[in-house]
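Here the structure comes first, spelled out in C-alpha cells, and everything after it is commentary.
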Amino acid sequence: MTLDEILAGLFPSGHDVVVGPGKLLLGTGWRVGGRAVEVIGIAEGEPLGIDGVLPLAERVLDIAAAGGNAPILVVVDTQGQRMARRDEMLGLNEYLAHLAKCLLLASRSGHATIGLNYGRAAAGAFLATGLATDVLVALPWAEPAVMDLPSMARVTKLPQEKLEALSKTTSVFAPGLDSMTKVGAIAQVWDPAKPLDVQIEAMLATIPAHDVRDALGAERGGRLLAAGIAQRVADQAGGYRRA
C-alpha cells in the first residue's frame, strides 16, 4: 500500500496533503461532513534534521494558534534523525524536543494527535513524531525501533548476542512492531483490508484523556513493572487531561 493509497483511504472526502522538500508531509484531509484533519509528517524513509523539524513544528504551532479542535495526524516513515555534523553542532536534540513539545501543546489546546507509522520509524525522529502523539497506530508492515540492537550494544557496552537473547524474552529490548505493540507504545495495528477512514474515526472517538501506554504495556505483558506506574497515574486526579 503506497502513501497515496493510505491518504486516499483515510480521507475519501479528499485531501491536499503533498510531499514537499525534504520529504515533509503537510496538508489537510477531510472527514465525513467536511471536518478537517491536519496532517504533518515525513515520508520515504527520509532522516529528520533541523531543516525538516522547523516546518513541522511551525505548522503545529499555527494549528494550535488558530484554535478549534481539528485533530493532527502525524504520518511517519523515517530512518531516524539526520546523522550530520552540522545538525549535531546546531543542537538537533533540542530541535527534536521542540517538535515534541509543540505536539504536546497542540494536544493540551484541544487538538487530539494521532501518530501513524506506515514505514520505518527510528531513534530521535521517532520519539519526536509518532511517540510524541496522544496515541500511535501502525500498519502491519511498519518497522518501529527506538534503537536497533547493534546500536544498543555500542551504547550499553553489552555483547550484541546477550541483547539478542534478552530481546526474545523481554520486549523492551526488542525493536519491531510486535515488541512496540506489546510494551504499549503502539495502541493499535490497523487492518489495511478494512476502510482506513472507519479505523481513524474509531480511534478519534476513543482517544484517552491521558497517556495510557504504561497501562497497555502492563495489560499486554510487555512491561511487567508498569502496572504500579499506571495505577499511580490514574490516582493523580490533578494530572494532565486534554482540553
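Each chain in the C-alpha cells gets a letter, A, B, ..., in the order shown, and its residues are numbered from 1; ligands are numbered from 1 in order too.
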Would you mind listing what lies within 6 Å of range 186-195 of chain A as a short mmCIF file (atom, residue, chain, number, x, y, z; two decimals) with N, CA and C atoms, in the first residue's frame, with only C-alpha atoms counted and same-chain residues fewer than 4 positions away left out?
data_model
loop_
_atom_site.label_atom_id
_atom_site.label_comp_id
_atom_site.auth_asym_id
_atom_site.auth_seq_id
_atom_site.Cartn_x
_atom_site.Cartn_y
_atom_site.Cartn_z
N LEU A 136 -0.41 6.25 19.14
CA LEU A 136 0.33 5.85 17.94
C LEU A 136 -0.28 4.56 17.41
N VAL A 137 -0.57 4.56 16.11
CA VAL A 137 -1.04 3.35 15.45
C VAL A 137 -0.06 3.01 14.34
N ALA A 138 -0.20 1.82 13.78
CA ALA A 138 0.73 1.38 12.75
C ALA A 138 0.02 0.49 11.76
N LEU A 139 0.59 0.38 10.58
CA LEU A 139 0.15 -0.60 9.60
C LEU A 139 1.05 -1.83 9.72
N MET A 180 6.92 -3.28 20.05
CA MET A 180 6.39 -1.95 20.34
C MET A 180 4.91 -2.01 20.71
N THR A 181 4.20 -2.95 20.10
CA THR A 181 2.79 -3.12 20.45
C THR A 181 2.66 -3.73 21.84
#
Distance query Leu204 in chain A at most 9 Å, only C-alpha atoms, self and fewer than 2 positions along chain excluded, as an MDAnalysis selection string:
chainID A and resid 71 112:114 199:202 206:207
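The neighbours of Asp62 in chain A here are the residues that come within 12 Å of it, using only C-alpha atoms and leaving out any residue fewer than 5 positions away in the same chain; they are Glu38, Pro55, Leu56, Ala57, Gly67, Gly68, Ala70, Ile72, Cys102, Leu103, Leu105, Ala106, Ser109 and His111 of chain A.
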Please dump the current selection as a PDB file, in the first residue's frame; keep N, CA, C and O atoms.
ATOM      1  N   GLU A  38      -5.711  17.874  10.273  1.00  0.00           N
ATOM      2  CA  GLU A  38      -4.452  18.458   9.816  1.00  0.00           C
ATOM      3  C   GLU A  38      -3.380  17.360   9.787  1.00  0.00           C
ATOM      4  O   GLU A  38      -3.293  16.549  10.709  1.00  0.00           O
ATOM      5  N   PRO A  55       9.774  23.358   9.852  1.00  0.00           N
ATOM      6  CA  PRO A  55       8.476  23.498   9.191  1.00  0.00           C
ATOM      7  C   PRO A  55       7.370  22.685   9.859  1.00  0.00           C
ATOM      8  O   PRO A  55       6.215  23.132   9.926  1.00  0.00           O
ATOM      9  N   LEU A  56       7.705  21.488  10.350  1.00  0.00           N
ATOM     10  CA  LEU A  56       6.702  20.677  11.032  1.00  0.00           C
ATOM     11  C   LEU A  56       6.246  21.355  12.323  1.00  0.00           C
ATOM     12  O   LEU A  56       5.045  21.449  12.609  1.00  0.00           O
ATOM     13  N   ALA A  57       7.213  21.830  13.106  1.00  0.00           N
ATOM     14  CA  ALA A  57       6.870  22.499  14.365  1.00  0.00           C
ATOM     15  C   ALA A  57       6.079  23.773  14.103  1.00  0.00           C
ATOM     16  O   ALA A  57       5.108  24.082  14.822  1.00  0.00           O
ATOM     17  N   GLY A  67      -6.816  27.876  16.925  1.00  0.00           N
ATOM     18  CA  GLY A  67      -7.948  27.466  17.750  1.00  0.00           C
ATOM     19  C   GLY A  67      -8.688  26.291  17.142  1.00  0.00           C
ATOM     20  O   GLY A  67      -8.170  25.570  16.291  1.00  0.00           O
ATOM     21  N   GLY A  68      -9.908  26.087  17.575  1.00  0.00           N
ATOM     22  CA  GLY A  68     -10.675  24.942  17.117  1.00  0.00           C
ATOM     23  C   GLY A  68     -10.189  23.659  17.755  1.00  0.00           C
ATOM     24  O   GLY A  68      -9.426  23.674  18.728  1.00  0.00           O
ATOM     25  N   ALA A  70      -9.437  20.701  15.525  1.00  0.00           N
ATOM     26  CA  ALA A  70      -9.089  19.768  14.453  1.00  0.00           C
ATOM     27  C   ALA A  70      -7.982  18.831  14.912  1.00  0.00           C
ATOM     28  O   ALA A  70      -6.961  19.275  15.440  1.00  0.00           O
ATOM     29  N   ILE A  72      -4.727  16.315  14.707  1.00  0.00           N
ATOM     30  CA  ILE A  72      -3.482  16.346  13.937  1.00  0.00           C
ATOM     31  C   ILE A  72      -3.014  14.907  13.745  1.00  0.00           C
ATOM     32  O   ILE A  72      -2.836  14.169  14.712  1.00  0.00           O
ATOM     33  N   CYS A 102       5.809  20.993  20.854  1.00  0.00           N
ATOM     34  CA  CYS A 102       4.748  21.626  20.061  1.00  0.00           C
ATOM     35  C   CYS A 102       3.539  20.701  19.934  1.00  0.00           C
ATOM     36  O   CYS A 102       2.387  21.147  20.033  1.00  0.00           O
ATOM     37  N   LEU A 103       3.799  19.405  19.717  1.00  0.00           N
ATOM     38  CA  LEU A 103       2.699  18.441  19.642  1.00  0.00           C
ATOM     39  C   LEU A 103       1.965  18.336  20.977  1.00  0.00           C
ATOM     40  O   LEU A 103       0.733  18.231  21.022  1.00  0.00           O
ATOM     41  N   LEU A 105       1.743  20.755  23.209  1.00  0.00           N
ATOM     42  CA  LEU A 105       0.983  21.993  23.330  1.00  0.00           C
ATOM     43  C   LEU A 105      -0.311  21.913  22.534  1.00  0.00           C
ATOM     44  O   LEU A 105      -1.387  22.300  23.029  1.00  0.00           O
ATOM     45  N   ALA A 106      -0.231  21.418  21.310  1.00  0.00           N
ATOM     46  CA  ALA A 106      -1.438  21.291  20.494  1.00  0.00           C
ATOM     47  C   ALA A 106      -2.459  20.368  21.150  1.00  0.00           C
ATOM     48  O   ALA A 106      -3.668  20.664  21.184  1.00  0.00           O
ATOM     49  N   SER A 109      -4.159  21.984  23.886  1.00  0.00           N
ATOM     50  CA  SER A 109      -5.022  23.060  23.401  1.00  0.00           C
ATOM     51  C   SER A 109      -6.295  22.518  22.755  1.00  0.00           C
ATOM     52  O   SER A 109      -7.090  23.298  22.213  1.00  0.00           O
ATOM     53  N   HIS A 111      -6.392  19.770  20.416  1.00  0.00           N
ATOM     54  CA  HIS A 111      -6.197  19.081  19.143  1.00  0.00           C
ATOM     55  C   HIS A 111      -5.661  17.682  19.410  1.00  0.00           C
ATOM     56  O   HIS A 111      -4.472  17.514  19.699  1.00  0.00           O
TER      57      HIS A 111
END
Of A:Leu127, A:Ala121, A:Ala185, A:Ala165, the one nearest to Glu143 in chain A when counting only C-alpha atoms is A:Ala121
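Using only C-alpha atoms, the nearest neighbour of Thr28 in chain A within the list A:Ala65, A:Val172, A:Ala142, A:Val74 is A:Val74.
Near Val32 in chain A, within 10 Å and counting only C-alpha atoms, sit A:Phe11, A:Pro12, A:Ser13, A:Gly14, A:Asp197, A:Glu201, not including residues fewer than 6 positions from it in the same chain.
Remark: for Ala174 in chain A, the closest of the candidate residues A:Gly222, A:Val60, A:Arg213, A:Met203 is A:Gly222 (distances computed over only C-alpha atoms).
The two atoms in question, CA of Thr78 in chain A and CA of Leu99 in chain A, are spaced 15.1 Å apart.
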Counting only C-alpha atoms, closest pick from A:Gly33, A:Pro159, A:Gly22, A:Gly119 relative to Trp141 in chain A is A:Gly119
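Taking CA of Leu224 in chain A and CA of Asp178 in chain A as endpoints, the distance between them is 16.0 Å.
With CA of Lys101 in chain A on one side and CA of Pro144 in chain A on the other, the separation reads 21.0 Å.
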In range 2-225 of chain A, DSSP strand (DSSP E or B) residues written as number ranges by chain | A: 15, 18-19, 24-30, 36-45, 48, 72-78, 81, 113-117, 120-122, 135-138, 143-145, 188-189
If you count only C-alpha atoms, which residues fall within 7 Å of Gly124 in chain A, apart from same-chain ones fewer than 2 positions away, as a list in words?
Gly80, Gln81, Ala122, Phe126, Leu127 and Ala128 of chain A
* Running DSSP on the backbone, which parts of range 94-145 of chain A land in helix (DSSP H, G or I), as a ChimeraX atom specification? -> /A:94-108,123-128,130-132
